[in-house]
Structures are given as C-alpha cells and as structure tokens.
>>> print(open('target_21.pdb').read())   # PDB, C-alpha atoms, pLDDT in the B column
ATOM      1  CA  MET A  30     -11.148 -10.706  -2.859  1.00 92.00           C
ATOM      2  CA  LYS A  31     -13.721  -9.251  -5.240  1.00 96.00           C
ATOM      3  CA  ILE A  32     -13.815  -6.122  -7.329  1.00 97.00           C
ATOM      4  CA  LYS A  33     -16.794  -3.817  -6.879  1.00 97.00           C
ATOM      5  CA  VAL A  34     -17.744  -1.580  -9.798  1.00 97.00           C
ATOM      6  CA  ILE A  35     -20.210   1.256  -9.318  1.00 97.00           C
ATOM      7  CA  SER A  36     -21.389   2.462 -12.730  1.00 95.00           C
ATOM      8  CA  SER A  37     -22.880   5.919 -13.005  1.00 93.00           C
ATOM      9  CA  ASN A  38     -23.232   8.608 -15.642  1.00 88.00           C
ATOM     10  CA  TRP A  39     -23.210  12.352 -15.946  1.00 82.00           C
ATOM     11  CA  SER A  40     -24.711  14.946 -18.228  1.00 81.00           C
ATOM     12  CA  GLY A  41     -24.422  18.672 -18.771  1.00 77.00           C
ATOM     13  CA  GLU A  42     -28.209  18.750 -18.917  1.00 80.00           C
ATOM     14  CA  ARG A  43     -29.828  20.850 -16.205  1.00 83.00           C
ATOM     15  CA  ASN A  44     -31.461  18.858 -13.366  1.00 85.00           C
ATOM     16  CA  TYR A  45     -29.953  15.600 -14.632  1.00 83.00           C
ATOM     17  CA  ILE A  46     -30.215  12.756 -12.110  1.00 85.00           C
ATOM     18  CA  PRO A  47     -27.620  10.016 -12.711  1.00 84.00           C
ATOM     19  CA  LYS A  48     -28.420   6.342 -12.448  1.00 87.00           C
ATOM     20  CA  GLU A  49     -26.119   4.167 -10.367  1.00 92.00           C
ATOM     21  CA  GLU A  50     -25.566   0.415 -10.609  1.00 95.00           C
ATOM     22  CA  GLU A  51     -23.296  -1.727  -8.436  1.00 96.00           C
ATOM     23  CA  THR A  52     -21.765  -5.028  -9.555  1.00 96.00           C
ATOM     24  CA  LEU A  53     -19.391  -7.425  -7.772  1.00 97.00           C
ATOM     25  CA  TYR A  54     -16.963  -9.561  -9.775  1.00 97.00           C
ATOM     26  CA  GLU A  55     -14.837 -12.503  -8.657  1.00 96.00           C
ATOM     27  CA  ILE A  56     -11.177 -11.716  -9.296  1.00 96.00           C
ATOM     28  CA  GLN A  57      -9.478 -13.936 -11.884  1.00 96.00           C
ATOM     29  CA  LEU A  58      -6.119 -13.250 -13.463  1.00 97.00           C
ATOM     30  CA  ASN A  59      -6.196 -12.556 -17.232  1.00 97.00           C
ATOM     31  CA  LYS A  60     -10.004 -12.626 -17.388  1.00 95.00           C
ATOM     32  CA  LYS A  61     -11.792  -9.982 -19.454  1.00 96.00           C
ATOM     33  CA  TYR A  62     -14.743  -8.267 -17.769  1.00 97.00           C
ATOM     34  CA  THR A  63     -17.228  -6.244 -19.816  1.00 95.00           C
ATOM     35  CA  VAL A  64     -19.016  -3.822 -17.514  1.00 96.00           C
ATOM     36  CA  LYS A  65     -20.893  -1.739 -20.074  1.00 93.00           C
ATOM     37  CA  ALA A  66     -21.520  -2.154 -23.795  1.00 91.00           C
ATOM     38  CA  TRP A  67     -23.824  -0.458 -26.260  1.00 88.00           C
ATOM     39  CA  GLU A  68     -25.692  -2.751 -28.648  1.00 90.00           C
ATOM     40  CA  PHE A  69     -27.318  -1.496 -31.837  1.00 89.00           C
ATOM     41  CA  SER A  70     -28.279  -2.490 -35.369  1.00 89.00           C
ATOM     42  CA  ASP A  71     -26.515  -0.878 -38.316  1.00 85.00           C
ATOM     43  CA  ALA A  72     -28.214   0.330 -41.500  1.00 87.00           C
ATOM     44  CA  GLU A  73     -28.161  -3.207 -42.934  1.00 89.00           C
ATOM     45  CA  GLY A  74     -29.771  -4.657 -39.797  1.00 88.00           C
ATOM     46  CA  ASN A  75     -26.585  -6.310 -38.520  1.00 90.00           C
ATOM     47  CA  LYS A  76     -26.248  -6.403 -34.732  1.00 90.00           C
ATOM     48  CA  ARG A  77     -23.204  -4.505 -33.454  1.00 88.00           C
ATOM     49  CA  LYS A  78     -21.690  -4.053 -30.022  1.00 89.00           C
ATOM     50  CA  VAL A  79     -19.431  -1.243 -28.789  1.00 89.00           C
ATOM     51  CA  GLU A  80     -17.717  -1.748 -25.449  1.00 90.00           C
ATOM     52  CA  ILE A  81     -17.899   1.331 -23.255  1.00 91.00           C
ATOM     53  CA  PHE A  82     -15.943  -0.191 -20.372  1.00 95.00           C
ATOM     54  CA  SER A  83     -14.111  -3.489 -20.233  1.00 96.00           C
ATOM     55  CA  PHE A  84     -10.948  -4.508 -18.431  1.00 97.00           C
ATOM     56  CA  GLU A  85      -8.624  -7.408 -17.759  1.00 97.00           C
ATOM     57  CA  ILE A  86      -6.919  -8.176 -14.457  1.00 97.00           C
ATOM     58  CA  THR A  87      -3.185  -8.285 -15.154  1.00 98.00           C
ATOM     59  CA  GLN A  88      -1.785  -8.698 -11.643  1.00 97.00           C
ATOM     60  CA  ILE A  89      -3.099  -9.782  -8.250  1.00 97.00           C
ATOM     61  CA  GLY A  90      -1.339  -8.908  -4.979  1.00 96.00           C
ATOM     62  CA  ASP A  91      -2.304  -9.371  -1.340  1.00 94.00           C
ATOM     63  CA  ASP A  92      -3.945  -5.937  -1.121  1.00 95.00           C
ATOM     64  CA  TYR A  93      -4.111  -4.692  -4.730  1.00 97.00           C
ATOM     65  CA  ILE A  94      -4.858  -5.647  -8.301  1.00 97.00           C
ATOM     66  CA  SER A  95      -3.675  -4.151 -11.574  1.00 97.00           C
ATOM     67  CA  ILE A  96      -6.013  -3.864 -14.530  1.00 97.00           C
ATOM     68  CA  HIS A  97      -5.709  -3.035 -18.210  1.00 97.00           C
ATOM     69  CA  CYS A  98      -8.687  -1.238 -19.759  1.00 96.00           C
ATOM     70  CA  PHE A  99      -9.509  -1.660 -23.436  1.00 93.00           C
ATOM     71  CA  GLN A 100     -10.496   2.017 -23.660  1.00 91.00           C
ATOM     72  CA  PRO A 101      -8.628   5.116 -22.392  1.00 91.00           C
ATOM     73  CA  PHE A 102     -10.057   6.970 -19.390  1.00 90.00           C
ATOM     74  CA  SER A 103      -9.715  10.151 -17.418  1.00 86.00           C
ATOM     75  CA  HIS A 104      -8.539   8.993 -13.972  1.00 81.00           C
ATOM     76  CA  ASN A 105      -9.569  10.375 -10.550  1.00 76.00           C
ATOM     77  CA  GLU A 106     -10.195  13.887 -11.867  1.00 68.00           C
ATOM     78  CA  GLU A 107     -12.909  16.328 -10.850  1.00 64.00           C
ATOM     79  CA  ASP A 108     -13.394  17.500 -14.423  1.00 63.00           C
ATOM     80  CA  ILE A 109     -13.296  15.481 -17.628  1.00 65.00           C
ATOM     81  CA  ASN A 110      -9.859  15.341 -19.221  1.00 69.00           C
ATOM     82  CA  LEU A 111     -10.606  14.718 -22.901  1.00 74.00           C
ATOM     83  CA  THR A 112      -6.957  13.996 -23.641  1.00 75.00           C
ATOM     84  CA  GLY A 113      -6.567  11.216 -21.068  1.00 74.00           C
ATOM     85  CA  LYS A 114      -4.770   8.218 -22.546  1.00 79.00           C
ATOM     86  CA  LYS A 115      -4.295   6.040 -19.473  1.00 87.00           C
ATOM     87  CA  GLN A 116      -5.390   2.415 -19.784  1.00 94.00           C
ATOM     88  CA  ASP A 117      -3.488   0.679 -16.950  1.00 96.00           C
ATOM     89  CA  PHE A 118      -4.493   1.185 -13.325  1.00 95.00           C
ATOM     90  CA  THR A 119      -3.772  -0.224  -9.866  1.00 96.00           C
ATOM     91  CA  ILE A 120      -6.578  -0.583  -7.347  1.00 97.00           C
ATOM     92  CA  ASN A 121      -5.485  -0.812  -3.719  1.00 96.00           C
ATOM     93  CA  ILE A 122      -7.636  -2.110  -0.895  1.00 95.00           C
ATOM     94  CA  ASN A 123      -9.493   0.808   0.777  1.00 93.00           C
ATOM     95  CA  LYS A 124      -8.508   3.162  -2.063  1.00 95.00           C
ATOM     96  CA  PRO A 125     -11.099   3.185  -4.883  1.00 96.00           C
ATOM     97  CA  ILE A 126     -10.317   4.646  -8.284  1.00 95.00           C
ATOM     98  CA  ARG A 127     -12.663   6.654 -10.484  1.00 93.00           C
ATOM     99  CA  LEU A 128     -12.572   6.280 -14.279  1.00 93.00           C
ATOM    100  CA  ILE A 129     -14.443   8.671 -16.566  1.00 89.00           C
ATOM    101  CA  THR A 130     -15.138   8.239 -20.288  1.00 88.00           C
ATOM    102  CA  LEU A 131     -13.469  10.763 -22.595  1.00 86.00           C
ATOM    103  CA  THR A 132     -16.674  12.362 -23.862  1.00 80.00           C
ATOM    104  CA  MET A 133     -18.367  15.750 -23.868  1.00 78.00           C
ATOM    105  CA  ASP A 134     -21.939  16.590 -22.814  1.00 80.00           C
ATOM    106  CA  TYR A 135     -22.680  13.093 -21.460  1.00 82.00           C
ATOM    107  CA  GLY A 136     -20.530  10.241 -20.208  1.00 86.00           C
ATOM    108  CA  ASP A 137     -19.979   7.364 -17.844  1.00 91.00           C
ATOM    109  CA  ILE A 138     -18.203   7.136 -14.501  1.00 91.00           C
ATOM    110  CA  PHE A 139     -16.898   3.867 -13.088  1.00 94.00           C
ATOM    111  CA  THR A 140     -15.713   3.638  -9.483  1.00 95.00           C
ATOM    112  CA  LEU A 141     -13.695   0.483  -8.774  1.00 97.00           C
ATOM    113  CA  SER A 142     -12.771  -0.817  -5.337  1.00 97.00           C
ATOM    114  CA  LEU A 143     -11.580  -4.058  -3.786  1.00 97.00           C
ATOM    115  CA  VAL A 144     -13.718  -5.976  -1.323  1.00 94.00           C
ATOM    116  CA  LYS A 145     -12.329  -8.729   0.917  1.00 86.00           C
TER
END
>>> encode(input="target_21.pdb", output="structure tokens")
Amino acid sequence: MKIKVISSNWSGERNYIPKEEETLYEIQLNKKYTVKAWEFSDAEGNKRKVEIFSFEITQIGDDYISIHCFQPFSHNEEDINLTGKKQDFTININKPIRLITLTMDYGDIFTLSLVK
C-alpha cells in the first residue's frame, strides 16, 4: 500500500487558479514524512525551515492507516475552521481525507488517500 498526497492551495483573491501536485509515498510505520515546508533566511542570514505539513504513520491495518500530523488542521470541511485542533486522522482505503491549514486569505489543502 502507498499513500497518495495531492497538495493544492486556495486564496480569497479573485480569479485565483490553484496549483496541484501529487506525490506517492511508501508506507512505513513511525516514519516522518514532510510534504511541504517553507524555507527562508532570517535577518541574520541564517537558513530557517517551517513545516507546513508533515505527518507520521502511527498504525497500519489491512485497509487503513492512522497518522499523526505535527500541525493542527481543519478536516473534511467545506469552509476553513480556524479553530480546528485535530492532529490525528485515519485514512481508509477508497475514502480520502482532506486537510486544510488553519489560515485566512490563503492556505494549503492536502488530500490523502491509500493506493494498493
């Protein structure tokens, strides 16, 4: 089994066209996966990295996996829930989940599904 992650984004900007990227990952228990990170230099010129979306697989079943995210997300909602605190999710075969960053005006959407 593999986990497929479709990364996209959204914006409140008129006529915004989101970019979409698909990645397949081999499933390994207790492995940390970093899907998206923002790299920048601070005022002193030091390189910094902020993880936007990373997760660890905490359980593997015959037709599901459980993951722990290192950031909270809004989960499977049509609108952004800025107070979402959920960090643990189960992904079942044939039932993708949709995680949305807790941001206003612009954000990221990650759709995760299992592939046999």
>>> residues_around(input="target_21.pdb", residues="Gln57 of chain A", least_positions_apart="2", cutoff="10 Å", atoms="all atoms listed in the file", output="PyMOL selection string")
chain A and resi 30-31+54-55+59-62+85-89
>>> residues_near_point(input="target_21.pdb", point="(-3.6, 12.4, -23.9)", cutoff="10 Å", atoms="only C-alpha atoms", output="PyMOL selection string")
chain A and resi 101-103+110-115
>>> atom_distance(input="target_21.pdb", atom1="atom CA of Ala72 of chain A", atom2="atom CA of Ser40 of chain A")
27.7 Å
>>> resolve_selection(input="target_21.pdb", expression="the PyMOL selection byres ((chain A and resi 93) around 6)", output="MDAnalysis selection string")
chainID A and resid 90 92 94 120:122
>>> resolve_selection(input="target_21.pdb", expression="the PyMOL selection byres ((chain A and resi 67) around 8)", output="ChimeraX atom specification")
/A:65-66,68-69,78-81
>>> residues_around(input="target_21.pdb", residues="Val34 of chain A", least_positions_apart="3", cutoff="12 Å", atoms="all atoms listed in the file", output="PDB file with C-alpha atoms, keeping the file's coordinate frame")
ATOM      1  CA  LYS A  31     -13.721  -9.251  -5.240  1.00 96.00           C
ATOM      2  CA  SER A  37     -22.880   5.919 -13.005  1.00 93.00           C
ATOM      3  CA  GLU A  49     -26.119   4.167 -10.367  1.00 92.00           C
ATOM      4  CA  GLU A  50     -25.566   0.415 -10.609  1.00 95.00           C
ATOM      5  CA  GLU A  51     -23.296  -1.727  -8.436  1.00 96.00           C
ATOM      6  CA  THR A  52     -21.765  -5.028  -9.555  1.00 96.00           C
ATOM      7  CA  LEU A  53     -19.391  -7.425  -7.772  1.00 97.00           C
ATOM      8  CA  TYR A  54     -16.963  -9.561  -9.775  1.00 97.00           C
ATOM      9  CA  GLU A  55     -14.837 -12.503  -8.657  1.00 96.00           C
ATOM     10  CA  TYR A  62     -14.743  -8.267 -17.769  1.00 97.00           C
ATOM     11  CA  THR A  63     -17.228  -6.244 -19.816  1.00 95.00           C
ATOM     12  CA  VAL A  64     -19.016  -3.822 -17.514  1.00 96.00           C
ATOM     13  CA  LYS A  65     -20.893  -1.739 -20.074  1.00 93.00           C
ATOM     14  CA  PHE A  82     -15.943  -0.191 -20.372  1.00 95.00           C
ATOM     15  CA  SER A  83     -14.111  -3.489 -20.233  1.00 96.00           C
ATOM     16  CA  PHE A  84     -10.948  -4.508 -18.431  1.00 97.00           C
ATOM     17  CA  ILE A 120      -6.578  -0.583  -7.347  1.00 97.00           C
ATOM     18  CA  PRO A 125     -11.099   3.185  -4.883  1.00 96.00           C
ATOM     19  CA  ILE A 126     -10.317   4.646  -8.284  1.00 95.00           C
ATOM     20  CA  ARG A 127     -12.663   6.654 -10.484  1.00 93.00           C
ATOM     21  CA  LEU A 128     -12.572   6.280 -14.279  1.00 93.00           C
ATOM     22  CA  ILE A 138     -18.203   7.136 -14.501  1.00 91.00           C
ATOM     23  CA  PHE A 139     -16.898   3.867 -13.088  1.00 94.00           C
ATOM     24  CA  THR A 140     -15.713   3.638  -9.483  1.00 95.00           C
ATOM     25  CA  LEU A 141     -13.695   0.483  -8.774  1.00 97.00           C
ATOM     26  CA  SER A 142     -12.771  -0.817  -5.337  1.00 97.00           C
ATOM     27  CA  LEU A 143     -11.580  -4.058  -3.786  1.00 97.00           C
ATOM     28  CA  VAL A 144     -13.718  -5.976  -1.323  1.00 94.00           C
TER      29      VAL A 144
END
>>> atom_distance(input="target_21.pdb", atom1="atom CA of His104 of chain A", atom2="atom CA of Thr132 of chain A")
13.2 Å
>>> atom_distance(input="target_21.pdb", atom1="atom CA of Leu58 of chain A", atom2="atom CA of Ser36 of chain A")
21.9 Å
>>> axis_aligned_box(input="target_21.pdb", around="segment 60-68 of chain A", padding_each_side="4 Å", output="JSON")
{"center_x": -17.8, "center_y": -6.5, "center_z": -23.0, "size_x": 23.7, "size_y": 20.2, "size_z": 19.3}
>>> closest_residue(input="target_21.pdb", among="A:Ile56, A:Ile46, A:Asp71, A:Asp134", to="Ile96 of chain A", atoms="all atoms listed in the file")
A:Ile56
>>> closest_residue(input="target_21.pdb", among="A:Asn75, A:Asn105, A:Lys48, A:Phe99", to="Lys124 of chain A", atoms="all atoms listed in the file")
A:Asn105
>>> residues_near_point(input="target_21.pdb", point="(-25.9, 10.8, -19.0)", cutoff="7 Å", atoms="only C-alpha atoms", output="ChimeraX atom specification")
/A:38-40,47,135-137
>>> build_atoms(input="target_21.pdb", residues="segment 112-129 of chain A", atoms="N, CA, C and O atoms", output="short mmCIF file (atom, residue, chain, number, x, y, z; two decimals), in the coordinates of the input")
data_model
loop_
_atom_site.label_atom_id
_atom_site.label_comp_id
_atom_site.auth_asym_id
_atom_site.auth_seq_id
_atom_site.Cartn_x
_atom_site.Cartn_y
_atom_site.Cartn_z
N THR A 112 -8.19 14.50 -23.04
CA THR A 112 -6.96 14.00 -23.64
C THR A 112 -6.34 12.85 -22.84
O THR A 112 -5.23 12.43 -23.12
N GLY A 113 -7.07 12.34 -21.87
CA GLY A 113 -6.57 11.22 -21.07
C GLY A 113 -6.27 10.01 -21.95
O GLY A 113 -7.05 9.68 -22.83
N LYS A 114 -5.16 9.38 -21.73
CA LYS A 114 -4.77 8.22 -22.55
C LYS A 114 -4.49 6.99 -21.69
O LYS A 114 -4.09 5.96 -22.19
N LYS A 115 -4.69 7.11 -20.38
CA LYS A 115 -4.30 6.04 -19.47
C LYS A 115 -5.23 4.84 -19.60
O LYS A 115 -6.44 4.98 -19.65
N GLN A 116 -4.63 3.65 -19.66
CA GLN A 116 -5.39 2.42 -19.78
C GLN A 116 -5.00 1.37 -18.74
O GLN A 116 -5.67 0.36 -18.62
N ASP A 117 -3.94 1.61 -17.97
CA ASP A 117 -3.49 0.68 -16.95
C ASP A 117 -3.59 1.34 -15.58
O ASP A 117 -3.12 2.47 -15.39
N PHE A 118 -4.21 0.62 -14.63
CA PHE A 118 -4.49 1.18 -13.32
C PHE A 118 -4.24 0.15 -12.24
O PHE A 118 -4.37 -1.05 -12.47
N THR A 119 -3.90 0.63 -11.04
CA THR A 119 -3.77 -0.22 -9.87
C THR A 119 -4.85 0.18 -8.88
O THR A 119 -5.05 1.37 -8.62
N ILE A 120 -5.54 -0.82 -8.34
CA ILE A 120 -6.58 -0.58 -7.35
C ILE A 120 -6.09 -1.19 -6.04
O ILE A 120 -5.84 -2.40 -5.97
N ASN A 121 -5.92 -0.36 -5.03
CA ASN A 121 -5.48 -0.81 -3.72
C ASN A 121 -6.69 -0.99 -2.80
O ASN A 121 -7.69 -0.28 -2.95
N ILE A 122 -6.56 -1.91 -1.86
CA ILE A 122 -7.64 -2.11 -0.90
C ILE A 122 -7.87 -0.78 -0.16
O ILE A 122 -6.92 -0.07 0.12
N ASN A 123 -9.09 -0.43 0.09
CA ASN A 123 -9.49 0.81 0.78
C ASN A 123 -9.12 2.08 0.02
O ASN A 123 -9.07 3.15 0.62
N LYS A 124 -8.82 1.97 -1.28
CA LYS A 124 -8.51 3.16 -2.06
C LYS A 124 -9.12 3.02 -3.46
O LYS A 124 -8.45 2.61 -4.41
N PRO A 125 -10.43 3.33 -3.58
CA PRO A 125 -11.10 3.18 -4.88
C PRO A 125 -10.50 4.12 -5.93
O PRO A 125 -9.90 5.14 -5.60
N ILE A 126 -10.68 3.75 -7.19
CA ILE A 126 -10.32 4.65 -8.28
C ILE A 126 -11.58 5.01 -9.05
O ILE A 126 -12.57 4.28 -9.03
N ARG A 127 -11.52 6.13 -9.73
CA ARG A 127 -12.66 6.65 -10.48
C ARG A 127 -12.23 6.87 -11.93
O ARG A 127 -11.30 7.63 -12.19
N LEU A 128 -12.89 6.18 -12.85
CA LEU A 128 -12.57 6.28 -14.28
C LEU A 128 -13.73 6.94 -15.00
O LEU A 128 -14.90 6.58 -14.77
N ILE A 129 -13.41 7.90 -15.87
CA ILE A 129 -14.44 8.67 -16.57
C ILE A 129 -14.20 8.58 -18.07
O ILE A 129 -13.07 8.74 -18.54
#
